[in-house]
Amino acid sequence: MLKKRQPQLAAARLPAAQSGADAPRRLYADPSLPDRAFRAVLRSGGGLVLAVMLLVGGFLLYRAWLALDRAGWSFLATADWAPDAGRFGIAAVLVGTVLIASVAVCVAVPLATGAALYISEYAPVRLRQTLISVVDLMAAVPSVVYGLWGVFFLQDKVVPTARWISAYLGWIPPFDVQGADPDDPLAPASLYTSSTFIAGLVVGMMIAPIVCSIMREVFSQAPAGEREGAYALGATRWGMIRSVVLPFGKGGMIGGTMLGLGRALGETIAVFMIISLTFDIQWHVLQSGTSSVSSLIALRYGEASEFGMSALMAAGFALFVMTLIVNFAASSIVARSRSGATSDA
């Protein structure tokens, strides 16, 4: 009788075992007191950062509401800046800010990518830590030092390069310099100084260490198994970098670039020391005269009336929103990328 019931019991258990195999097992770990405390500290820190960001944005919006209520949507389309006369807007300074940041990114990204690849893939072990420390120290240099370097050293050295670009690439509208004769070697150099190009070069040198640090960290996390697999298939070092390191670090490269862009959008002192502030939409990057939101605030803050201060706060709020958009886009790209993943090899 017992022998007859054993196959029946086995058959009764079989569907239950199969259903249990198909359903994933839920794992649960009861966190201890240190784990709960650590989680609470992390949540509190993240909530504090969000609260500070919201307070800053709310304060700027509150102080800017008087000017925004009067200007309306024309605040984004007006190039003049005369708040007390009722004509003010950020069209010119917004274009200048974007152009300076774009030049800075075009300069910084190739330089940072090459430096990061050399440090992580080619530099000897003894030299690698020294180079990392040098890059980190460059990121800590105050912006006023970069501004002084740009005004007293770089500006005069860049004028021949700007003149050459204007002479041979002036048919491209951004590289055209109005009033300059490319065939006249004695044309005044003042046409090429205090330009978007020079300010972008200085800001590019400022953000290059930040972008390089992010890229280097991402490149160094490329899976060792995939590196060895590429070498086993006969790839050279550059072939391994091209097929493993760069695809793996693509998200980090884009994220680092956009974080550098966010840093470039808000640079104040270095740009303020270099540019000649104008309130016309200036598309010619090599020509003297440009503008930026942060430089406008630094220039007009001390002499602004109550309504003028509200207009400056509105400009600061616009810059705050633009920087947040860039940073959130960078975070989203990094979160969706494969950078930081581990290899199964």
# chains A, B, ... in the order shown; residues from 1 in each chain; ligands from 1
>>> residues_around(residues="range 127-137 of chain A", least_positions_apart="5", cutoff="8 Å", atoms="only C-alpha atoms", output="ChimeraX atom specification")
/A:119-120,209-210,212-213
>>> select_by_dssp(residues="range 143-259 of chain A", states="helix (DSSP H, G or I)", output="CSV table (one decimal) with N, CA and C atoms, in the first residue's frame")
chain,number,residue,atom,x,y,z
A,143,SER,N,39.4,80.5,-10.9
A,143,SER,CA,39.0,81.1,-12.2
A,143,SER,C,39.7,82.4,-12.5
A,144,VAL,N,40.0,83.2,-11.5
A,144,VAL,CA,40.6,84.5,-11.7
A,144,VAL,C,42.0,84.3,-12.2
A,145,VAL,N,42.7,83.3,-11.8
A,145,VAL,CA,44.0,83.0,-12.4
A,145,VAL,C,43.9,82.7,-13.9
A,146,TYR,N,43.0,81.9,-14.3
A,146,TYR,CA,42.8,81.6,-15.7
A,146,TYR,C,42.4,82.9,-16.4
A,147,GLY,N,41.6,83.8,-15.8
A,147,GLY,CA,41.3,85.0,-16.4
A,147,GLY,C,42.5,85.9,-16.7
A,148,LEU,N,43.4,86.0,-15.6
A,148,LEU,CA,44.6,86.8,-15.8
A,148,LEU,C,45.5,86.2,-16.9
A,149,TRP,N,45.6,84.9,-16.9
A,149,TRP,CA,46.4,84.3,-17.9
A,149,TRP,C,45.9,84.5,-19.3
A,150,GLY,N,44.6,84.5,-19.4
A,150,GLY,CA,44.0,84.8,-20.7
A,150,GLY,C,44.2,86.2,-21.2
A,151,VAL,N,44.1,87.2,-20.2
A,151,VAL,CA,44.2,88.6,-20.6
A,151,VAL,C,45.6,89.0,-20.9
A,152,PHE,N,46.6,88.6,-20.1
A,152,PHE,CA,47.9,89.1,-20.3
A,152,PHE,C,48.8,88.2,-21.1
A,153,PHE,N,48.4,87.0,-21.3
A,153,PHE,CA,49.3,86.1,-22.1
A,153,PHE,C,48.6,85.5,-23.3
A,154,LEU,N,47.5,84.9,-23.2
A,154,LEU,CA,46.9,84.1,-24.3
A,154,LEU,C,46.3,85.1,-25.4
A,155,GLN,N,45.8,86.2,-25.0
A,155,GLN,CA,45.1,87.0,-25.9
A,155,GLN,C,46.0,87.5,-27.1
A,156,ASP,N,47.2,88.0,-26.8
A,156,ASP,CA,48.1,88.4,-27.8
A,156,ASP,C,48.6,87.3,-28.7
A,157,LYS,N,48.8,86.1,-28.0
A,157,LYS,CA,49.3,84.9,-28.8
A,157,LYS,C,48.2,84.4,-29.7
A,158,VAL,N,46.9,84.6,-29.4
A,158,VAL,CA,45.9,84.0,-30.2
A,158,VAL,C,45.5,84.9,-31.4
A,159,VAL,N,45.8,86.1,-31.4
A,159,VAL,CA,45.4,87.1,-32.5
A,159,VAL,C,45.9,86.6,-33.8
A,160,PRO,N,47.1,86.2,-34.0
A,160,PRO,CA,47.5,85.6,-35.4
A,160,PRO,C,46.7,84.4,-35.8
A,161,THR,N,46.4,83.5,-34.9
A,161,THR,CA,45.6,82.4,-35.2
A,161,THR,C,44.2,82.8,-35.6
A,162,ALA,N,43.6,83.7,-34.9
A,162,ALA,CA,42.3,84.2,-35.2
A,162,ALA,C,42.3,84.9,-36.6
A,163,ARG,N,43.4,85.7,-36.9
A,163,ARG,CA,43.5,86.3,-38.2
A,163,ARG,C,43.6,85.3,-39.3
A,164,TRP,N,44.3,84.2,-39.1
A,164,TRP,CA,44.5,83.2,-40.1
A,164,TRP,C,43.1,82.5,-40.4
A,165,ILE,N,42.4,82.2,-39.3
A,165,ILE,CA,41.1,81.5,-39.4
A,165,ILE,C,40.2,82.4,-40.2
A,166,SER,N,40.2,83.7,-39.9
A,166,SER,CA,39.3,84.6,-40.6
A,166,SER,C,39.7,84.8,-42.0
A,167,ALA,N,41.0,84.7,-42.3
A,167,ALA,CA,41.4,84.9,-43.7
A,167,ALA,C,41.0,83.7,-44.6
A,168,TYR,N,41.2,82.5,-44.1
A,168,TYR,CA,41.0,81.3,-44.9
A,168,TYR,C,39.6,80.7,-44.7
A,169,LEU,N,38.9,80.9,-43.6
A,169,LEU,CA,37.6,80.3,-43.3
A,169,LEU,C,36.6,81.4,-43.1
A,173,PRO,N,30.1,81.9,-41.9
A,173,PRO,CA,29.6,83.1,-41.2
A,173,PRO,C,30.1,83.2,-39.8
A,174,PRO,N,30.2,82.2,-39.0
A,174,PRO,CA,30.8,82.4,-37.6
A,174,PRO,C,32.2,82.9,-37.6
A,175,PHE,N,33.0,82.6,-38.6
A,175,PHE,CA,34.4,82.9,-38.7
A,175,PHE,C,34.7,84.2,-39.4
A,189,ALA,N,44.8,94.8,-34.5
A,189,ALA,CA,44.6,93.5,-33.7
A,189,ALA,C,43.4,93.7,-32.8
A,190,SER,N,42.9,94.9,-32.5
A,190,SER,CA,41.8,95.1,-31.6
A,190,SER,C,40.5,94.5,-32.2
A,191,LEU,N,40.5,94.2,-33.5
A,191,LEU,CA,39.3,93.6,-34.1
A,191,LEU,C,39.1,92.1,-33.6
A,196,THR,N,34.6,86.1,-28.5
A,196,THR,CA,34.1,84.8,-28.0
A,196,THR,C,35.1,83.7,-28.1
A,197,PHE,N,35.9,83.7,-29.1
A,197,PHE,CA,37.0,82.7,-29.3
A,197,PHE,C,38.0,82.6,-28.2
A,198,ILE,N,38.5,83.8,-27.8
A,198,ILE,CA,39.5,83.8,-26.7
A,198,ILE,C,38.8,83.4,-25.4
A,199,ALA,N,37.6,83.9,-25.1
A,199,ALA,CA,36.9,83.6,-23.9
A,199,ALA,C,36.6,82.1,-23.9
A,200,GLY,N,36.3,81.5,-25.0
A,200,GLY,CA,36.0,80.1,-25.1
A,200,GLY,C,37.3,79.2,-24.9
A,201,LEU,N,38.4,79.7,-25.4
A,201,LEU,CA,39.7,79.0,-25.1
A,201,LEU,C,40.0,79.0,-23.6
A,202,VAL,N,39.8,80.1,-22.9
A,202,VAL,CA,40.1,80.1,-21.5
A,202,VAL,C,39.2,79.2,-20.7
A,203,VAL,N,37.9,79.3,-21.0
A,203,VAL,CA,36.9,78.4,-20.3
A,203,VAL,C,37.2,77.0,-20.7
A,204,GLY,N,37.6,76.7,-21.9
A,204,GLY,CA,37.9,75.3,-22.3
A,204,GLY,C,39.1,74.8,-21.5
A,205,MET,N,40.1,75.6,-21.2
A,205,MET,CA,41.2,75.1,-20.4
A,205,MET,C,40.7,74.9,-18.9
A,206,MET,N,39.7,75.7,-18.5
A,206,MET,CA,39.2,75.5,-17.1
A,206,MET,C,38.4,74.2,-17.0
A,207,ILE,N,37.6,73.8,-18.0
A,207,ILE,CA,36.8,72.7,-17.8
A,207,ILE,C,37.5,71.4,-18.3
A,208,ALA,N,38.6,71.5,-19.0
A,208,ALA,CA,39.3,70.3,-19.5
A,208,ALA,C,39.7,69.3,-18.3
A,209,PRO,N,40.2,69.8,-17.2
A,209,PRO,CA,40.6,68.9,-16.1
A,209,PRO,C,39.4,68.2,-15.6
A,210,ILE,N,38.2,68.8,-15.5
A,210,ILE,CA,37.0,68.2,-14.9
A,210,ILE,C,36.6,67.1,-15.9
A,211,VAL,N,36.5,67.4,-17.2
A,211,VAL,CA,36.1,66.4,-18.1
A,211,VAL,C,37.1,65.2,-18.2
A,212,CYS,N,38.4,65.6,-18.1
A,212,CYS,CA,39.4,64.5,-18.2
A,212,CYS,C,39.3,63.6,-17.0
A,213,SER,N,39.0,64.1,-15.8
A,213,SER,CA,38.9,63.2,-14.6
A,213,SER,C,37.7,62.3,-14.7
A,214,ILE,N,36.6,62.7,-15.2
A,214,ILE,CA,35.5,61.9,-15.4
A,214,ILE,C,35.7,60.8,-16.5
A,215,MET,N,36.3,61.2,-17.6
A,215,MET,CA,36.6,60.2,-18.6
A,215,MET,C,37.6,59.2,-18.2
A,216,ARG,N,38.7,59.6,-17.5
A,216,ARG,CA,39.7,58.7,-17.0
A,216,ARG,C,39.1,57.7,-16.1
A,217,GLU,N,38.2,58.1,-15.2
A,217,GLU,CA,37.6,57.2,-14.3
A,217,GLU,C,36.8,56.2,-15.0
A,218,VAL,N,36.0,56.6,-16.0
A,218,VAL,CA,35.2,55.7,-16.8
A,218,VAL,C,36.1,54.7,-17.6
A,219,PHE,N,37.1,55.2,-18.2
A,219,PHE,CA,38.0,54.3,-19.0
A,219,PHE,C,38.6,53.3,-18.2
A,220,SER,N,39.0,53.6,-17.0
A,220,SER,CA,39.7,52.7,-16.1
A,220,SER,C,38.8,51.6,-15.6
A,224,ALA,N,38.0,44.0,-17.5
A,224,ALA,CA,39.3,43.3,-17.8
A,224,ALA,C,39.1,42.1,-18.7
A,225,GLY,N,38.0,41.4,-18.6
A,225,GLY,CA,37.7,40.2,-19.4
A,225,GLY,C,37.6,40.6,-20.9
A,226,GLU,N,36.9,41.7,-21.2
A,226,GLU,CA,36.8,42.1,-22.6
A,226,GLU,C,38.1,42.7,-23.1
A,227,ARG,N,38.9,43.3,-22.3
A,227,ARG,CA,40.2,43.8,-22.7
A,227,ARG,C,41.1,42.5,-23.1
A,228,GLU,N,41.1,41.5,-22.2
A,228,GLU,CA,41.9,40.4,-22.5
A,228,GLU,C,41.4,39.6,-23.7
A,229,GLY,N,40.0,39.6,-23.9
A,229,GLY,CA,39.5,38.9,-25.1
A,229,GLY,C,39.9,39.6,-26.4
A,230,ALA,N,39.9,40.9,-26.3
A,230,ALA,CA,40.3,41.7,-27.5
A,230,ALA,C,41.8,41.4,-27.9
A,231,TYR,N,42.6,41.3,-26.8
A,231,TYR,CA,44.0,41.0,-27.1
A,231,TYR,C,44.2,39.5,-27.6
A,232,ALA,N,43.4,38.6,-27.1
A,232,ALA,CA,43.4,37.2,-27.5
A,232,ALA,C,43.0,37.1,-28.9
A,237,ARG,N,46.8,47.5,-29.1
A,237,ARG,CA,46.3,48.3,-28.0
A,237,ARG,C,45.3,49.3,-28.5
A,238,TRP,N,45.6,50.0,-29.6
A,238,TRP,CA,44.6,51.0,-30.1
A,238,TRP,C,43.3,50.2,-30.6
A,239,GLY,N,43.4,49.0,-31.1
A,239,GLY,CA,42.3,48.3,-31.5
A,239,GLY,C,41.4,47.9,-30.3
A,240,MET,N,42.1,47.5,-29.2
A,240,MET,CA,41.4,47.2,-28.0
A,240,MET,C,40.7,48.4,-27.4
A,241,ILE,N,41.4,49.6,-27.5
A,241,ILE,CA,40.7,50.8,-27.0
A,241,ILE,C,39.5,51.2,-27.8
A,242,ARG,N,39.6,51.0,-29.2
A,242,ARG,CA,38.6,51.4,-30.1
A,242,ARG,C,37.4,50.5,-29.9
A,243,SER,N,37.6,49.2,-29.7
A,243,SER,CA,36.5,48.2,-29.6
A,243,SER,C,36.0,47.9,-28.2
A,244,VAL,N,36.7,48.2,-27.2
A,244,VAL,CA,36.3,47.9,-25.8
A,244,VAL,C,36.2,49.2,-25.0
A,245,VAL,N,37.3,50.0,-24.8
A,245,VAL,CA,37.3,51.1,-23.9
A,245,VAL,C,36.3,52.2,-24.3
A,246,LEU,N,36.4,52.6,-25.6
A,246,LEU,CA,35.6,53.7,-26.0
A,246,LEU,C,34.1,53.4,-26.1
A,247,PRO,N,33.7,52.2,-26.6
A,247,PRO,CA,32.3,51.9,-26.5
A,247,PRO,C,31.8,51.8,-25.1
A,248,PHE,N,32.6,51.2,-24.2
A,248,PHE,CA,32.2,51.1,-22.8
A,248,PHE,C,32.1,52.4,-22.1
A,250,LYS,N,31.4,55.4,-23.6
A,250,LYS,CA,30.7,56.4,-24.4
A,250,LYS,C,29.7,57.2,-23.5
A,251,GLY,N,29.0,56.5,-22.7
A,251,GLY,CA,28.1,57.3,-21.8
A,251,GLY,C,28.8,58.2,-20.9
A,252,GLY,N,29.9,57.8,-20.3
A,252,GLY,CA,30.7,58.6,-19.4
A,252,GLY,C,31.3,59.8,-20.1
A,253,MET,N,31.7,59.6,-21.4
A,253,MET,CA,32.3,60.7,-22.2
A,253,MET,C,31.2,61.7,-22.4
A,254,ILE,N,30.0,61.3,-22.8
A,254,ILE,CA,28.9,62.3,-23.1
A,254,ILE,C,28.5,63.0,-21.8
A,255,GLY,N,28.4,62.2,-20.7
A,255,GLY,CA,28.1,62.8,-19.4
A,255,GLY,C,29.1,63.8,-18.9
A,256,GLY,N,30.4,63.4,-19.0
A,256,GLY,CA,31.5,64.4,-18.7
A,256,GLY,C,31.5,65.6,-19.5
A,257,THR,N,31.2,65.5,-20.8
A,257,THR,CA,31.1,66.6,-21.7
A,257,THR,C,30.0,67.6,-21.3
A,258,MET,N,28.9,67.0,-21.0
A,258,MET,CA,27.7,67.8,-20.6
A,258,MET,C,27.9,68.5,-19.2
A,259,LEU,N,28.6,67.8,-18.3
A,259,LEU,CA,28.9,68.4,-17.1
A,259,LEU,C,29.9,69.6,-17.2
>>> closest_residue(among="A:Gln287, A:Ser276, A:Ala101, A:Glu303", to="Ala180 in chain A", atoms="only C-alpha atoms")
A:Gln287
>>> atom_distance(atom1="CA of Ala314 in chain A", atom2="CA of Val326 in chain A")
18.6 Å
>>> select_by_dssp(residues="range 119-340 of chain A", states="strand (DSSP E or B)", output="list in words")
Ser195, Leu277, Ser288 and Thr290 of chain A
